[in-house]
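> Supplied in structure tokens, the structure appears directly below.
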Amino acid sequence: MLVLKNWDINLRSREKKTLRSFLFLYAFLALLILGFVAFLYYGLERDLMLQNQREALSNLTNEHIARLKSLHVNLGKEQTYPRDERFNSAIYDSSLKQIFSTLSTNKVNLYEDIYLKRNHIYFVKELESYYLGARYIVIEIDAPLSWEKKVFRKLLTYGAIIFGILIVIGYFLLALLLRPMRDTITLLDRFIKDTTHELNTPVNTILSNIEMIELTALDESLAKKIKRITIASKTISNLYDDLTYLVLSHHIISHDEEVDLKVIIEERLEYFSLLIESKKLTLTSTLEENVFLMIDRKKIAKLIDNILSNAIKYNKIGGTIHVLLTPEYIEISDSGRGIETKKINQAFERYVRFDHTVGGFGIGLSIVAAIAKEYTLHVSIDSKLHEGTTVRIAW
């Protein structure tokens with residue numbers, strides 16, 4: 001079966017994720033600012049409405065004061081507190097105690113001359129004469145409903161327009177800020193592509209000539225030098241394969257077949273045998289028979305190569321590597337430098353490297369992740385700093 005897929009790490013999708021995160025934060029801050037401005041605007045509109053009501057309330061208060069005066073003068077003849085259908089009222093003595101009230105609430109702020117509370121407007125006036133022992137008179141009327149609806153309508157309409165404009169500005173601002181990063185990544189990818197093209201001929205020449213050398217016919221000293229050249233050549237070849245996959249993965253056609261994983265692993269261990277020997281590593285393996293997987297042979301080899309390469313590269317001199325194959329997973333463990341727990345999630349990101357004392361571009365595990373994603377394999381890393389790393393590929 002031929003399958004054409006591109007599971008290369010999608011930098012554009014990561015850029016979109018960054019864009020969404022920025023816009024979310026930007027939108028949240030914009031809403032906070034708009035909410036603060038709306039609060040101020042609402043307060044100004046409320047104060048304007050109260051000022052418009054002040055004159056009418058002052059006139060109603062004066063009318064009621066005249067009735068209180070009449071009641072005070074004719075107290076023996078009249079015993080009923082004056083009422084008016086247009087408003088409710090209350091009187092308080094100089095110690096702020098209520099004398100009489102028809103208000104809808106018992107909690108009145110006598111320190112404000114006019115204010116709005118629960119859709120009612122309250123007007124407070126201090127009396128010049130103590131009619132009926134009263135020092136303060138309070139008038140309560142219903143607040144006009146239209147003003148609040150009008151204010152909220154304006155806030156929603158203009159707020160939505162301003163918010164939309166701010167989001168558009170934020171989008172273009174972020175795009176402008178991301179442009180240098182996007183250009184840098186493009187430049188880096190172009191550099192890798194050009195480097196890969198230039199490596200092709202010398203790598204093939206070195207490998208083909210080394211394969212024709214009969215080591216048994218050489219003296220020990222020269223054989224060791226040839227082995228060193230072989231190790232260096234395989235290192236370059238492995239890097240070349242990684243770069244080729246990185247640049248051309250979207251052009252690679254997968255030839256899926258039933259692959260014997262034990263055979264593949266043994267081939268790759270043999271390929272890396274000189275590298276393992278050069279670092280005096282102890283290699284052990286437990287490989288079960290008849291473990292098959294439907295996958296492209298070259299891609300599963302590339303996946304294993306990158307994990308083995310890291311196990312060798314970041315291992316200590318005289319360390320250990322163990323390869324385990326079961327019907328459920330492949331597991332490669334090493335006694336290397338390990339990764340900090342908080343950084344493990346970044347290990348599969350392209351160009352991310354945690355140790356700069358050895359060479360590399362930080363692309364090996366990103367290729368592992370891409371191949372695993374293509375074939376729905378689960379890759380997990382268990383690592384402890386200065387103790388070692390275990391990478392498991394399960395299916």
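Labels used: A, B, ... for chains in the order of the structure tokens, numbers from 1 for residues in each chain, and numbers from 1 for ligands as shown.
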Hey, what's within 9 Å of range 310-320 of chain A if we count only C-alpha atoms and toss same-chain stuff fewer than 6 positions away? As a list in words, please?

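Non-adjacent residues within range: Phe272, Leu275, Ile276, Lys279, Lys280, Leu281, Thr282, Leu283, Thr284, Ile332, Ser333, Asp334, Ser335, Gly336, Arg337, Gly338, Asp355, Val358, Gly359, Gly364, Leu365, Gly388, Thr389 and Thr390 of chain A.
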
> Compile the contact shell of range 230-234 of chain A as a PyMOL selection string: residues with an atom at most 12 Å away, counting only C-alpha atoms, same-chain residues fewer than 4 positions apart removed.

chain A and resi 199+202-213+215+223-226+238-241+268+270-279+305+309

> Using only C-alpha atoms, which of the listed residues (A:Tyr130, A:Tyr375, A:Phe348, A:Tyr42) sits closest to Trp147 in chain A?

A:Tyr42

> So, counting only C-alpha atoms, which residue among A:Lys227, A:Lys117, A:Arg20, A:His386 is closest to Ile167 in chain A?

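For Ile167 in chain A, the nearest of the given residues is A:Arg20.
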
> Using only C-alpha atoms, which of the listed residues (A:Val108, A:Leu127, A:Gly35, A:Lys69) sits closest to Ser94 in chain A?

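Ranking A:Val108, A:Leu127, A:Gly35, A:Lys69 by distance to Ser94 in chain A, first place goes to A:Leu127.
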
> Please return as an MDAnalysis selection string: the residues of range 124-323 of chain A that backbone DSSP assigns to helix (DSSP H, G or I).

chainID A and resid 131:133 145:211 215:217 220:251 261:271 273:278 297:313

> Mind giving me the straight-line distance from CA of Lys262 in chain A to CA of Asn290 in chain A in Å, one decimal?

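Computing the Euclidean distance for CA of Lys262 in chain A and CA of Asn290 in chain A yields 7.5 Å.
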
> Hey, what's within 10 Å of Leu110 in chain A if we count only C-alpha atoms and toss same-chain stuff fewer than 5 positions away? As a PyMOL selection string, please?

chain A and resi 92+96+122-126+136-138

> Apply DSSP to the structure's backbone, then extract all residues of range 129-373 of chain A labelled strand (DSSP E) and return them as a PyMOL selection string.

chain A and resi 136-142+253-260+282-287+292-296+320-325+329-334

> Which residue is closest to Arg153 in chain A? Choose from A:Ala38, A:Leu25, A:Ile339, A:Leu287 and count only C-alpha atoms.

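So, comparing all the options, the nearest one is A:Ala38.
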
> Please list as a list in words every residue within 9 Å of Asp296 in chain A, counting only C-alpha atoms and excluding residues in the same chain fewer than 6 positions away.

Ser254, His255, Asp256, Glu257, Glu258 and Val259 of chain A

> Based on the selection just made, write N, CA and C atoms of those residues as an mmCIF file, in the first residue's frame.


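Wrote result-v1.cif, looks like this:
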data_model
loop_
_atom_site.group_PDB
_atom_site.id
_atom_site.type_symbol
_atom_site.label_atom_id
_atom_site.label_comp_id
_atom_site.auth_asym_id
_atom_site.auth_seq_id
_atom_site.Cartn_x
_atom_site.Cartn_y
_atom_site.Cartn_z
ATOM 1 N N SER A 254 5.307 6.345 1.440
ATOM 2 C CA SER A 254 5.474 5.236 2.379
ATOM 3 C C SER A 254 5.124 3.909 1.707
ATOM 4 N N HIS A 255 6.015 2.934 1.850
ATOM 5 C CA HIS A 255 5.768 1.579 1.374
ATOM 6 C C HIS A 255 5.532 0.701 2.600
ATOM 7 N N ASP A 256 4.302 0.658 3.055
ATOM 8 C CA ASP A 256 3.994 -0.088 4.269
ATOM 9 C C ASP A 256 3.996 -1.585 3.994
ATOM 10 N N GLU A 257 4.605 -2.320 4.921
ATOM 11 C CA GLU A 257 4.659 -3.772 4.821
ATOM 12 C C GLU A 257 4.768 -4.349 6.225
ATOM 13 N N GLU A 258 4.613 -5.642 6.344
ATOM 14 C CA GLU A 258 4.720 -6.305 7.641
ATOM 15 C C GLU A 258 6.204 -6.509 7.947
ATOM 16 N N VAL A 259 6.701 -5.746 8.917
ATOM 17 C CA VAL A 259 8.131 -5.735 9.217
ATOM 18 C C VAL A 259 8.409 -6.557 10.470
#

> Rounded to one decimal, what separation in Å do you get between CA of Thr201 in chain A and CA of Thr244 in chain A?

13.2 Å

> Can you pull out the residues contacting Ile264 in chain A? Cut-off 9 Å, using only C-alpha atoms, and skip same-chain residues under 6 positions away; I want them as a compact mmCIF listing (two decimals) with C-alpha atoms, in the first residue's frame.


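Below is the file selection-v8.txt, written as the result:
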# COMPACT_ATOMS: atom_id res chain seq x y z
CA ARG A 297 10.77 -0.34 6.72
CA ILE A 300 10.88 2.32 11.49
CA ALA A 301 14.63 2.01 10.94
CA ILE A 304 15.09 3.29 15.96

> Would you mind listing what lies within 7 Å of Ser366 in chain A as an NGL selection string, with only C-alpha atoms counted and same-chain residues fewer than 3 positions away left out?

:A and (348-350 or 363 or 369-370)

> Write out, as a compact mmCIF listing (two decimals), in the first residue's frame, the residues just selected, with N, CA and C atoms.


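Result went into result_27.txt, see below:
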# COMPACT_ATOMS: atom_id res chain seq x y z
N PHE A 348 10.54 16.65 22.08
CA PHE A 348 10.13 16.32 20.71
C PHE A 348 10.01 17.55 19.81
N GLU A 349 10.33 18.74 20.36
CA GLU A 349 10.24 19.95 19.55
C GLU A 349 11.49 20.10 18.69
N ARG A 350 11.28 20.53 17.47
CA ARG A 350 12.39 20.68 16.53
C ARG A 350 13.36 21.76 17.00
N ILE A 363 17.04 17.61 16.03
CA ILE A 363 15.94 17.22 15.15
C ILE A 363 15.59 15.74 15.26
N ALA A 369 8.94 11.67 16.70
CA ALA A 369 7.56 12.05 16.98
C ALA A 369 6.72 12.08 15.71
N ALA A 370 7.31 12.57 14.60
CA ALA A 370 6.57 12.66 13.34
C ALA A 370 6.22 11.28 12.80

> Excluding range 79-86 of chain A and residues on its chain fewer than 2 positions from it, collect all residues at most 8 Å away from it, counting only C-alpha atoms, and give them as a list in words.

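The residues satisfying every condition are His64, Arg67, Leu68, Leu71, Leu75, Gly76, Lys77, Asn88, Ser89 and Ile141 of chain A.
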
> Which is closer to Phe22 in chain A than all the others in A:Pro144, A:Gly164, A:Gly170, A:Gly43, using only C-alpha atoms?

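Answer, going by the shortest atom-to-atom distance: A:Gly170.
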